[in-house]
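Colleague: Handing over protein-v3.pdb, PDB, C-alpha atoms.
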```
ATOM      1  CA  ASP I   1     206.833 112.716 -88.553
ATOM      2  CA  ALA I   2     209.077 112.111 -85.511
ATOM      3  CA  GLY I   3     206.619 110.821 -82.951
ATOM      4  CA  MET I   4     204.479 112.700 -80.477
ATOM      5  CA  PRO I   5     205.251 116.447 -80.795
ATOM      6  CA  SER I   6     206.765 118.245 -77.783
ATOM      7  CA  VAL I   7     207.801 115.003 -76.039
ATOM      8  CA  SER I   8     211.605 115.042 -75.778
ATOM      9  CA  ASP I   9     211.876 117.558 -78.613
ATOM     10  CA  PRO I  10     211.967 121.388 -78.775
ATOM     11  CA  GLY I  11     208.374 121.576 -80.002
ATOM     12  CA  TYR I  12     207.226 123.015 -76.665
ATOM     13  CA  ARG I  13     209.076 126.232 -77.533
ATOM     14  CA  LEU I  14     206.969 126.679 -80.643
ATOM     15  CA  VAL I  15     203.812 125.918 -78.672
ATOM     16  CA  SER I  16     204.756 128.463 -75.980
ATOM     17  CA  ALA I  17     205.494 131.118 -78.598
ATOM     18  CA  ALA I  18     202.175 130.476 -80.318
ATOM     19  CA  ILE I  19     200.255 130.718 -77.040
ATOM     20  CA  GLU I  20     201.971 134.025 -76.234
ATOM     21  CA  GLN I  21     200.753 135.365 -79.586
ATOM     22  CA  ASP I  22     197.197 134.130 -78.922
ATOM     23  CA  ILE I  23     197.499 131.586 -81.729
ATOM     24  CA  PRO I  24     195.210 128.586 -81.114
ATOM     25  CA  VAL I  25     197.097 125.345 -80.495
ATOM     26  CA  THR I  26     195.688 121.835 -80.631
ATOM     27  CA  ALA I  27     197.247 118.387 -80.906
ATOM     28  CA  VAL I  28     196.489 115.159 -82.697
ATOM     29  CA  PRO I  29     198.226 112.380 -80.702
ATOM     30  CA  GLY I  30     200.976 110.616 -82.590
ATOM     31  CA  PRO I  31     203.198 107.625 -81.808
ATOM     32  CA  SER I  32     204.704 107.892 -78.337
ATOM     33  CA  ALA I  33     207.611 105.722 -77.244
ATOM     34  CA  VAL I  34     206.916 106.771 -73.652
ATOM     35  CA  LEU I  35     203.379 105.402 -73.521
ATOM     36  CA  THR I  36     204.164 102.389 -75.694
ATOM     37  CA  ALA I  37     207.089 101.373 -73.476
ATOM     38  CA  LEU I  38     204.983 101.767 -70.350
ATOM     39  CA  ALA I  39     202.252  99.605 -71.865
ATOM     40  CA  VAL I  40     204.575  96.689 -72.654
ATOM     41  CA  SER I  41     206.962  97.010 -69.683
ATOM     42  CA  GLY I  42     204.909  94.933 -67.271
ATOM     43  CA  LEU I  43     205.598  97.519 -64.560
ATOM     44  CA  PRO I  44     203.079  99.669 -62.637
ATOM     45  CA  VAL I  45     201.826 102.454 -64.893
ATOM     46  CA  ASP I  46     199.152 104.063 -62.738
ATOM     47  CA  ARG I  47     201.687 106.785 -61.894
ATOM     48  CA  PHE I  48     204.826 107.581 -63.881
ATOM     49  CA  CYS I  49     207.288 110.343 -64.719
ATOM     50  CA  PHE I  50     209.267 110.999 -67.892
ATOM     51  CA  GLU I  51     212.956 111.899 -67.475
ATOM     52  CA  GLY I  52     214.038 111.873 -71.125
ATOM     53  CA  PHE I  53     217.779 111.726 -71.831
ATOM     54  CA  LEU I  54     220.001 112.071 -68.774
ATOM     55  CA  PRO I  55     223.346 113.936 -69.052
ATOM     56  CA  ARG I  56     226.084 112.238 -71.054
ATOM     57  CA  LYS I  57     228.771 112.885 -68.443
ATOM     58  CA  GLN I  58     228.810 110.131 -65.849
ATOM     59  CA  GLY I  59     229.089 112.434 -62.827
ATOM     60  CA  GLU I  60     226.058 114.479 -63.839
ATOM     61  CA  ARG I  61     224.115 111.356 -64.808
ATOM     62  CA  ARG I  62     224.831 109.717 -61.463
ATOM     63  CA  ARG I  63     223.695 112.838 -59.591
ATOM     64  CA  ARG I  64     220.400 112.793 -61.474
ATOM     65  CA  LEU I  65     219.896 109.104 -60.746
ATOM     66  CA  GLN I  66     220.756 109.629 -57.080
ATOM     67  CA  ALA I  67     218.086 112.327 -56.912
ATOM     68  CA  LEU I  68     215.606 109.810 -58.342
ATOM     69  CA  ALA I  69     216.508 106.997 -55.932
ATOM     70  CA  SER I  70     213.431 107.625 -53.767
ATOM     71  CA  GLU I  71     211.047 108.516 -56.621
ATOM     72  CA  PRO I  72     207.957 106.329 -56.046
ATOM     73  CA  ARG I  73     206.600 106.576 -59.591
ATOM     74  CA  THR I  74     207.646 104.404 -62.503
ATOM     75  CA  MET I  75     210.293 106.267 -64.511
ATOM     76  CA  VAL I  76     210.821 106.435 -68.270
ATOM     77  CA  PHE I  77     214.146 107.352 -69.890
ATOM     78  CA  PHE I  78     215.587 107.637 -73.379
ATOM     79  CA  GLU I  79     219.176 106.589 -74.033
ATOM     80  CA  ALA I  80     221.502 106.093 -76.969
ATOM     81  CA  PRO I  81     222.463 102.462 -77.655
ATOM     82  CA  HIS I  82     226.203 103.053 -77.121
ATOM     83  CA  ARG I  83     225.554 104.550 -73.655
ATOM     84  CA  LEU I  84     222.926 102.025 -72.563
ATOM     85  CA  ALA I  85     225.275  99.724 -70.600
ATOM     86  CA  GLU I  86     226.774 102.672 -68.690
ATOM     87  CA  PHE I  87     223.321 104.039 -67.909
ATOM     88  CA  LEU I  88     222.058 100.691 -66.620
ATOM     89  CA  THR I  89     225.223 100.072 -64.581
ATOM     90  CA  ASP I  90     224.834 103.454 -62.882
ATOM     91  CA  ALA I  91     221.106 102.874 -62.381
ATOM     92  CA  ALA I  92     221.757  99.483 -60.774
ATOM     93  CA  ALA I  93     224.330 101.018 -58.434
ATOM     94  CA  LEU I  94     222.196 103.986 -57.380
ATOM     95  CA  LEU I  95     218.614 102.698 -57.631
ATOM     96  CA  GLY I  96     219.269  99.101 -56.610
ATOM     97  CA  ALA I  97     220.610  96.093 -58.491
ATOM     98  CA  ASP I  98     217.314  94.242 -57.964
ATOM     99  CA  ARG I  99     215.091  97.151 -59.043
ATOM    100  CA  PRO I 100     212.813  95.870 -61.851
ATOM    101  CA  GLY I 101     213.174  97.465 -65.258
ATOM    102  CA  ALA I 102     212.539  97.000 -68.951
ATOM    103  CA  VAL I 103     214.593  97.962 -71.980
ATOM    104  CA  CYS I 104     212.416  98.545 -75.035
ATOM    105  CA  ARG I 105     214.055  98.623 -78.447
ATOM    106  CA  GLU I 106     212.635  99.620 -81.828
ATOM    107  CA  LEU I 107     209.062  99.850 -80.547
ATOM    108  CA  THR I 108     206.301  99.348 -83.161
ATOM    109  CA  LYS I 109     208.927  98.292 -85.721
ATOM    110  CA  PRO I 110     209.600  94.821 -87.208
ATOM    111  CA  PHE I 111     212.534  94.135 -84.869
ATOM    112  CA  GLU I 112     210.818  95.346 -81.690
ATOM    113  CA  GLN I 113     212.331  93.840 -78.547
ATOM    114  CA  VAL I 114     211.476  94.181 -74.855
ATOM    115  CA  VAL I 115     213.939  92.820 -72.281
ATOM    116  CA  ARG I 116     212.675  92.727 -68.689
ATOM    117  CA  GLY I 117     214.499  92.007 -65.460
ATOM    118  CA  PRO I 118     216.492  93.444 -62.550
ATOM    119  CA  LEU I 119     218.708  96.407 -63.451
ATOM    120  CA  ALA I 120     221.910  94.463 -62.813
ATOM    121  CA  GLU I 121     220.882  91.751 -65.283
ATOM    122  CA  LEU I 122     219.800  94.343 -67.839
ATOM    123  CA  ALA I 123     223.230  96.003 -67.532
ATOM    124  CA  ASP I 124     224.904  92.654 -68.286
ATOM    125  CA  TRP I 125     222.608  92.133 -71.267
ATOM    126  CA  ALA I 126     223.476  95.561 -72.643
ATOM    127  CA  ALA I 127     227.248  94.869 -72.544
ATOM    128  CA  THR I 128     226.946  94.296 -76.281
ATOM    129  CA  PRO I 129     225.210  97.507 -77.414
ATOM    130  CA  PRO I 130     221.905  96.840 -79.142
ATOM    131  CA  ARG I 131     220.857  98.739 -82.230
ATOM    132  CA  GLY I 132     217.942 101.082 -82.680
ATOM    133  CA  GLU I 133     216.001 103.527 -80.561
ATOM    134  CA  ILE I 134     215.979 102.709 -76.840
ATOM    135  CA  THR I 135     213.399 103.461 -74.168
ATOM    136  CA  ILE I 136     214.039 102.384 -70.577
ATOM    137  CA  VAL I 137     211.343 101.875 -67.961
ATOM    138  CA  ILE I 138     212.307 101.506 -64.292
ATOM    139  CA  GLN I 139     209.961 100.743 -61.434
ATOM    140  CA  GLY I 140     209.705 103.385 -58.732
ATOM    141  CA  ALA I 141     211.142 103.065 -55.250
ATOM    142  CA  PRO I 142     209.225 100.715 -52.942
ATOM    143  CA  GLU I 143     207.183 102.329 -50.223
ATOM    144  CA  VAL I 144     209.138 102.514 -46.997
ATOM    145  CA  THR I 145     207.131 101.612 -43.912
ATOM    146  CA  THR I 146     208.452 102.404 -40.465
ATOM    147  CA  ASP I 147     208.343  99.556 -37.992
ATOM    148  CA  TRP I 148     207.392 101.636 -34.968
ATOM    149  CA  GLN I 149     206.548  98.574 -32.907
ATOM    150  CA  ASP I 150     210.070  97.245 -33.250
ATOM    151  CA  ALA I 151     211.427 100.604 -32.112
ATOM    152  CA  LEU I 152     209.026 100.641 -29.152
ATOM    153  CA  ASP I 153     210.128  97.134 -28.233
ATOM    154  CA  GLN I 154     213.720  98.350 -28.129
ATOM    155  CA  VAL I 155     212.652 101.207 -25.876
ATOM    156  CA  ASP I 156     210.931  98.616 -23.644
ATOM    157  CA  LEU I 157     214.164  96.680 -23.238
ATOM    158  CA  LEU I 158     216.087  99.767 -22.218
ATOM    159  CA  LEU I 159     213.379 100.816 -19.754
ATOM    160  CA  ALA I 160     213.405  97.357 -18.211
ATOM    161  CA  GLY I 161     217.114  97.826 -17.582
ATOM    162  CA  GLY I 162     216.526 101.043 -15.702
ATOM    163  CA  THR I 163     217.068 103.595 -18.471
ATOM    164  CA  LYS I 164     214.811 106.646 -18.372
ATOM    165  CA  LEU I 165     212.318 107.068 -21.170
ATOM    166  CA  SER I 166     213.934 110.148 -22.698
ATOM    167  CA  ALA I 167     217.360 108.488 -22.751
ATOM    168  CA  ALA I 168     215.935 105.226 -24.119
ATOM    169  CA  VAL I 169     214.137 107.049 -26.923
ATOM    170  CA  ALA I 170     217.255 109.045 -27.791
ATOM    171  CA  GLU I 171     219.362 105.889 -28.018
ATOM    172  CA  VAL I 172     216.852 103.974 -30.169
ATOM    173  CA  ALA I 173     216.298 106.980 -32.430
ATOM    174  CA  GLN I 174     220.023 107.329 -33.019
ATOM    175  CA  VAL I 175     220.449 103.671 -33.930
ATOM    176  CA  SER I 176     217.308 103.364 -36.060
ATOM    177  CA  GLY I 177     217.446 106.752 -37.755
ATOM    178  CA  LEU I 178     213.923 107.570 -36.600
ATOM    179  CA  ARG I 179     212.972 111.050 -35.493
ATOM    180  CA  ARG I 180     213.451 111.308 -31.737
ATOM    181  CA  ARG I 181     210.445 113.548 -31.097
ATOM    182  CA  GLU I 182     208.130 111.340 -33.135
ATOM    183  CA  LEU I 183     209.350 108.194 -31.395
ATOM    184  CA  TYR I 184     209.016 109.854 -27.977
ATOM    185  CA  ALA I 185     205.429 110.881 -28.768
ATOM    186  CA  LYS I 186     204.545 107.345 -29.844
ATOM    187  CA  ALA I 187     206.176 105.937 -26.717
ATOM    188  CA  LEU I 188     204.107 108.258 -24.546
ATOM    189  CA  ALA I 189     200.946 107.339 -26.437
ATOM    190  CA  ALA I 190     201.719 103.629 -26.054
ATOM    191  CA  ARG I 191     202.235 104.010 -22.301
ATOM    192  CA  SER I 192     198.995 105.930 -21.894
ATOM    193  CA  ALA I 193     197.043 103.406 -23.966
ATOM    194  CA  GLY I 194     198.710 100.410 -22.325
ATOM    195  CA  THR I 195     199.486  98.924 -25.762
ATOM    196  CA  SER I 196     203.198  98.525 -25.068
ATOM    197  CA  ASP I 197     205.080  97.107 -22.123
ATOM    198  CA  LEU I 198     207.377 100.134 -21.942
ATOM    199  CA  GLY I 199     208.983  99.203 -18.680
ATOM    200  CA  HIS I 200     206.253  96.644 -17.870
ATOM    201  CA  THR I 201     203.783  99.446 -17.141
ATOM    202  CA  ASN I 202     200.426  98.654 -18.706
ATOM    203  CA  SER I 203     198.379 100.962 -16.530
ATOM    204  CA  ALA I 204     197.624 104.391 -17.940
ATOM    205  CA  ALA I 205     197.743 105.876 -14.454
ATOM    206  CA  GLN I 206     201.146 104.352 -13.678
ATOM    207  CA  GLY I 207     202.437 105.478 -17.054
ATOM    208  CA  SER I 208     201.310 109.042 -16.423
ATOM    209  CA  ALA I 209     202.975 109.068 -12.995
ATOM    210  CA  LYS I 210     206.308 107.926 -14.428
ATOM    211  CA  ILE I 211     206.115 110.478 -17.216
ATOM    212  CA  LYS I 212     205.617 113.296 -14.707
ATOM    213  CA  GLU I 213     208.581 112.090 -12.690
ATOM    214  CA  GLU I 214     210.860 112.192 -15.743
ATOM    215  CA  GLN I 215     209.658 115.619 -16.800
TER     216      GLN I 215
END
```
For the file at hand, write its structure as C-alpha coordinates.
Modeller:
Amino acid sequence: DAGMPSVSDPGYRLVSAAIEQDIPVTAVPGPSAVLTALAVSGLPVDRFCFEGFLPRKQGERRRRLQALASEPRTMVFFEAPHRLAEFLTDAAALLGADRPGAVCRELTKPFEQVVRGPLAELADWAATPPRGEITIVIQGAPEVTTDWQDALDQVDLLLAGGTKLSAAVAEVAQVSGLRRRELYAKALAARSAGTSDLGHTNSAAQGSAKIKEEQ
(Lines of atoms letter the chains of each structure in order from A and count residues from 1; the text may use other names and numbers.)
(Lines give C-alpha, C1' and ligand atoms only; values in the text may rest on other atoms or scores of the structure.)
Protein backbone atom coordinates (compact mmCIF):
# COMPACT_ATOMS: atom_id res chain seq x y z
CA ASP A 1 0.00 0.00 0.00
CA ALA A 2 3.05 2.30 -0.24
CA GLY A 3 3.75 2.31 -3.96
CA MET A 4 5.86 -0.03 -6.04
CA PRO A 5 7.49 -2.60 -3.70
CA SER A 6 11.30 -2.64 -3.44
CA VAL A 7 11.71 0.82 -5.00
CA SER A 8 13.29 3.06 -2.34
CA ASP A 9 12.12 0.75 0.44
CA PRO A 10 13.68 -2.26 2.23
CA GLY A 11 11.47 -4.71 0.34
CA TYR A 12 14.46 -5.98 -1.66
CA ARG A 13 15.79 -7.59 1.53
CA LEU A 14 12.66 -9.69 1.84
CA VAL A 15 12.85 -10.61 -1.84
CA SER A 16 16.52 -11.63 -1.50
CA ALA A 17 15.76 -13.74 1.57
CA ALA A 18 12.88 -15.46 -0.21
CA ILE A 19 15.03 -16.23 -3.26
CA GLU A 20 17.73 -17.72 -1.03
CA GLN A 21 15.10 -20.05 0.45
CA ASP A 22 13.86 -21.04 -3.03
CA ILE A 23 10.54 -19.31 -2.40
CA PRO A 24 8.94 -18.17 -5.68
CA VAL A 25 8.72 -14.39 -6.02
CA THR A 26 6.59 -12.45 -8.47
CA ALA A 27 5.42 -8.84 -8.66
CA VAL A 28 2.26 -7.02 -9.63
CA PRO A 29 3.33 -3.47 -10.62
CA GLY A 30 1.97 -0.77 -8.35
CA PRO A 31 2.11 3.03 -8.43
CA SER A 32 5.63 4.28 -9.07
CA ALA A 33 6.62 7.88 -8.45
CA VAL A 34 9.81 7.24 -10.43
CA LEU A 35 8.08 6.27 -13.67
CA THR A 36 5.25 8.77 -13.22
CA ALA A 37 7.68 11.65 -12.70
CA LEU A 38 9.70 10.62 -15.74
CA ALA A 39 6.54 10.49 -17.85
CA VAL A 40 5.44 14.03 -16.98
CA SER A 41 8.89 15.67 -16.68
CA GLY A 42 9.27 16.51 -20.35
CA LEU A 43 12.88 15.31 -20.19
CA PRO A 44 14.52 12.45 -22.14
CA VAL A 45 13.41 9.13 -20.66
CA ASP A 46 14.95 6.65 -23.08
CA ARG A 47 17.72 6.11 -20.52
CA PHE A 48 17.53 6.99 -16.83
CA CYS A 49 18.90 6.10 -13.40
CA PHE A 50 17.25 6.21 -9.98
CA GLU A 51 19.29 7.72 -7.13
CA GLY A 52 16.63 7.77 -4.40
CA PHE A 53 17.30 9.96 -1.36
CA LEU A 54 20.77 11.49 -1.22
CA PRO A 55 22.53 11.93 2.17
CA ARG A 56 21.10 14.55 4.51
CA LYS A 57 24.49 16.04 5.35
CA GLN A 58 25.46 18.67 2.82
CA GLY A 59 29.07 17.51 2.40
CA GLU A 60 28.04 13.95 1.60
CA ARG A 61 25.20 15.13 -0.64
CA ARG A 62 27.52 17.40 -2.60
CA ARG A 63 30.02 14.57 -3.10
CA ARG A 64 27.28 12.36 -4.51
CA LEU A 65 26.11 15.12 -6.85
CA GLN A 66 29.68 15.81 -7.95
CA ALA A 67 30.04 12.14 -8.84
CA LEU A 68 26.89 12.44 -10.96
CA ALA A 69 27.99 15.61 -12.79
CA SER A 70 28.97 13.66 -15.92
CA GLU A 71 26.15 11.09 -15.76
CA PRO A 72 24.59 11.11 -19.26
CA ARG A 73 21.28 9.53 -18.25
CA THR A 74 18.29 11.39 -16.86
CA MET A 75 18.36 11.13 -13.06
CA VAL A 76 15.51 10.68 -10.60
CA PHE A 77 15.73 11.63 -6.91
CA PHE A 78 13.47 11.67 -3.88
CA GLU A 79 13.74 14.49 -1.35
CA ALA A 80 11.91 15.76 1.70
CA PRO A 81 10.11 19.09 1.22
CA HIS A 82 12.13 20.90 3.91
CA ARG A 83 15.42 19.91 2.23
CA LEU A 84 14.31 20.55 -1.35
CA ALA A 85 15.77 24.08 -1.67
CA GLU A 86 19.16 22.93 -0.33
CA PHE A 87 19.18 19.96 -2.69
CA LEU A 88 18.35 22.09 -5.73
CA THR A 89 20.89 24.77 -4.77
CA ASP A 90 23.63 22.14 -4.51
CA ALA A 91 22.48 20.50 -7.75
CA ALA A 92 22.57 23.84 -9.58
CA ALA A 93 26.08 24.51 -8.30
CA LEU A 94 27.49 21.08 -9.15
CA LEU A 95 25.46 19.97 -12.18
CA GLY A 96 24.98 23.38 -13.78
CA ALA A 97 22.59 26.24 -13.08
CA ASP A 98 21.06 25.86 -16.56
CA ARG A 99 20.64 22.08 -16.37
CA PRO A 100 16.96 21.29 -17.08
CA GLY A 101 14.95 19.67 -14.31
CA ALA A 102 11.46 19.06 -13.01
CA VAL A 103 10.09 19.00 -9.48
CA CYS A 104 7.04 16.76 -9.19
CA ARG A 105 4.82 17.09 -6.14
CA GLU A 106 1.95 14.90 -4.94
CA LEU A 107 1.85 12.84 -8.14
CA THR A 108 -1.51 11.19 -8.97
CA LYS A 109 -3.16 13.14 -6.14
CA PRO A 110 -5.66 16.05 -6.34
CA PHE A 111 -2.98 18.70 -5.74
CA GLU A 112 -0.43 17.26 -8.17
CA GLN A 113 2.06 19.86 -9.39
CA VAL A 114 4.97 19.70 -11.83
CA VAL A 115 7.38 22.65 -11.99
CA ARG A 116 9.88 22.58 -14.87
CA GLY A 117 12.88 24.75 -15.57
CA PRO A 118 16.62 25.26 -15.05
CA LEU A 119 17.94 24.05 -11.69
CA ALA A 120 18.76 27.58 -10.52
CA GLU A 121 15.17 28.72 -11.11
CA LEU A 122 13.79 25.60 -9.43
CA ALA A 123 15.98 26.34 -6.38
CA ASP A 124 14.49 29.86 -6.19
CA TRP A 125 10.98 28.43 -6.50
CA ALA A 126 11.64 25.99 -3.66
CA ALA A 127 12.75 28.77 -1.26
CA THR A 128 9.29 28.43 0.27
CA PRO A 129 9.13 24.67 0.98
CA PRO A 130 6.25 22.98 -0.80
CA ARG A 131 4.14 20.35 0.90
CA GLY A 132 3.75 16.71 0.01
CA GLU A 133 5.88 13.98 -1.50
CA ILE A 134 8.61 15.24 -3.85
CA THR A 135 10.24 13.57 -6.84
CA ILE A 136 12.97 15.40 -8.74
CA VAL A 137 13.97 14.65 -12.33
CA ILE A 138 17.19 16.12 -13.74
CA GLN A 139 18.41 15.83 -17.30
CA GLY A 140 21.70 14.03 -17.80
CA ALA A 141 24.96 15.70 -18.75
CA PRO A 142 25.18 16.82 -22.38
CA GLU A 143 27.41 14.80 -24.64
CA VAL A 144 30.86 16.33 -24.85
CA THR A 145 32.32 16.38 -28.35
CA THR A 146 35.98 17.10 -28.88
CA ASP A 147 36.76 19.70 -31.50
CA TRP A 148 39.84 18.00 -32.92
CA GLN A 149 39.92 20.27 -35.94
CA ASP A 150 40.30 23.33 -33.76
CA ALA A 151 43.18 21.65 -31.94
CA LEU A 152 44.80 20.71 -35.26
CA ASP A 153 44.44 24.29 -36.44
CA GLN A 154 46.32 25.44 -33.35
CA VAL A 155 49.05 22.92 -34.12
CA ASP A 156 49.17 24.34 -37.67
CA LEU A 157 49.81 27.84 -36.35
CA LEU A 158 52.67 26.68 -34.18
CA LEU A 159 54.21 24.67 -37.02
CA ALA A 160 54.00 27.69 -39.30
CA GLY A 161 56.03 29.59 -36.73
CA GLY A 162 58.78 27.00 -36.79
CA THR A 163 57.78 24.84 -33.82
CA LYS A 164 58.39 21.11 -34.22
CA LEU A 165 55.37 18.85 -34.37
CA SER A 166 56.01 17.10 -31.06
CA ALA A 167 56.45 20.42 -29.24
CA ALA A 168 53.40 21.94 -30.94
CA VAL A 169 51.23 18.98 -29.98
CA ALA A 170 52.48 19.08 -26.39
CA GLU A 171 51.67 22.78 -26.08
CA VAL A 172 48.17 22.47 -27.58
CA ALA A 173 47.40 19.39 -25.49
CA GLN A 174 48.38 21.19 -22.31
CA VAL A 175 46.19 24.20 -23.07
CA SER A 176 43.18 22.25 -24.36
CA GLY A 177 43.29 19.36 -21.91
CA LEU A 178 43.36 16.84 -24.75
CA ARG A 179 45.45 13.70 -24.55
CA ARG A 180 48.84 14.40 -26.09
CA ARG A 181 49.28 10.97 -27.67
CA GLU A 182 45.82 11.03 -29.22
CA LEU A 183 46.33 14.53 -30.60
CA TYR A 184 49.77 13.58 -31.96
CA ALA A 185 48.29 10.54 -33.71
CA LYS A 186 45.55 12.65 -35.29
CA ALA A 187 48.11 15.24 -36.38
CA LEU A 188 50.19 12.54 -38.05
CA ALA A 189 47.11 11.11 -39.74
CA ALA A 190 46.09 14.57 -40.97
CA ARG A 191 49.55 15.19 -42.43
CA SER A 192 49.57 11.84 -44.19
CA ALA A 193 46.07 12.36 -45.59
CA GLY A 194 46.73 15.98 -46.53
CA THR A 195 43.50 17.05 -44.76
CA SER A 196 45.22 19.65 -42.59
CA ASP A 197 47.71 22.37 -43.40
CA LEU A 198 49.98 21.34 -40.52
CA GLY A 199 52.85 23.56 -41.49
CA HIS A 200 51.45 24.12 -45.01
CA THR A 201 52.40 20.58 -46.00
CA ASN A 202 49.57 18.98 -47.96
CA SER A 203 51.65 16.31 -49.63
CA ALA A 204 51.70 12.91 -47.96
CA ALA A 205 55.28 12.38 -49.10
CA GLN A 206 56.46 15.71 -47.68
CA GLY A 207 54.61 15.01 -44.46
CA SER A 208 56.28 11.63 -44.10
CA ALA A 209 59.72 13.15 -44.70
CA LYS A 210 59.21 15.77 -41.99
CA ILE A 211 57.94 13.17 -39.55
CA LYS A 212 61.06 11.06 -40.05
CA GLU A 213 63.26 14.09 -39.48
CA GLU A 214 61.58 14.83 -36.14
CA GLN A 215 61.76 11.23 -34.99
Colleague: Which residues would end up in the selection if the PyMOL selection byres ((chain I and resi 54) around 10) were applied here, given that I need the answer as an NGL selection string?
Modeller: :I and (51-53 or 55-58 or 60-65 or 77-79 or 87)
Colleague: I:Leu107, I:Gln149, I:Ala167, I:Val172: which is nearest Lys186 (chain I), counting all atoms listed in the file?
Modeller: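 Closest candidate: I:Gln149.
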Colleague: If you measure from CA of Ile136 (chain I) to CA of Cys104 (chain I), what distance in Å do you get, rounded to one decimal?
Modeller: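 CA of Cys104 (chain I) lies at a distance of 6.1 Å from CA of Ile136 (chain I).
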Colleague: Could you check how far CA of Phe48 (chain I) sits from CA of Leu178 (chain I), in Å to one decimal?
Modeller: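 Straight-line distance from CA of Phe48 (chain I) to CA of Leu178 (chain I) works out to 28.8 Å.
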Colleague: Determine the nearest neighbour of Ala69 (chain I) from the options I:Ala189, I:Ala97, I:Leu122, I:Ala37, counting all atoms listed in the file.
Modeller: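 Checking each candidate against Ala69 (chain I), we get I:Ala97 as the closest.
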Colleague: What's around Gln154 (chain I) at 9 Å? Count all atoms listed in the file, leave out sequence neighbours fewer than 3 positions away in its own chain, and write the answer as a list in words.
Modeller: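 Final neighbour list, sorted by chain and number: Gln149, Asp150, Ala151, Leu157, Leu158, Leu159, Ala168, Val169 and Val172 of chain I.
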Colleague: What does the PyMOL selection byres ((chain I and resi 86) around 10) select in this file, as JSON, numbers by chain?
Modeller: {"I": [56, 58, 61, 81, 82, 83, 84, 85, 87, 88, 89, 90, 91, 92, 123, 126, 127]}
Colleague: Let me know the residues the PyMOL selection byres ((chain I and resi 46) around 9) catches in the file above, as a VMD selection string.
Modeller: chain I and resid 44 to 45 47 to 48 73 to 74
Colleague: At what distance in Å, to one decimal, does CA of Ala141 (chain I) lie from CA of Ser70 (chain I)?
Modeller: 5.3 Å
Colleague: Can you tell me which residues surround Gln113 (chain I) at a distance of at most 12 Å, considering all atoms listed in the file, apart from same-chain residues fewer than 6 positions away, and format the answer as a list in words?
Modeller: Ala37, Val40, Ser41, Ala102, Val103, Cys104, Arg105, Glu106, Leu107, Pro130, Arg131, Gly132, Glu133, Ile134, Thr135 and Ile136 of chain I
Colleague: Just the selected residues (C-alpha atoms), exported as a tab-separated table (two decimals), keeping the file's coordinate frame, please.
Modeller:
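Dumped to part-v4.tsv:
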```
chain	number	residue	atom	x	y	z
I	37	ALA	CA	207.09	101.37	-73.48
I	40	VAL	CA	204.58	96.69	-72.65
I	41	SER	CA	206.96	97.01	-69.68
I	102	ALA	CA	212.54	97.00	-68.95
I	103	VAL	CA	214.59	97.96	-71.98
I	104	CYS	CA	212.42	98.54	-75.04
I	105	ARG	CA	214.06	98.62	-78.45
I	106	GLU	CA	212.64	99.62	-81.83
I	107	LEU	CA	209.06	99.85	-80.55
I	130	PRO	CA	221.90	96.84	-79.14
I	131	ARG	CA	220.86	98.74	-82.23
I	132	GLY	CA	217.94	101.08	-82.68
I	133	GLU	CA	216.00	103.53	-80.56
I	134	ILE	CA	215.98	102.71	-76.84
I	135	THR	CA	213.40	103.46	-74.17
I	136	ILE	CA	214.04	102.38	-70.58
```
Colleague: For Phe50 (chain I), work out the shell of residues within 8 Å, counting all atoms listed in the file and skipping chain neighbours fewer than 5 positions away, then give it as a PyMOL selection string.
Modeller: chain I and resi 34+75-77
Colleague: From the list I:Arg180, I:Arg116, I:Arg191, I:Lys164, which residue is nearest Leu38 (chain I) when using all atoms listed in the file?
Modeller: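 The shortest atom-to-atom distance to Leu38 (chain I) comes from I:Arg116.
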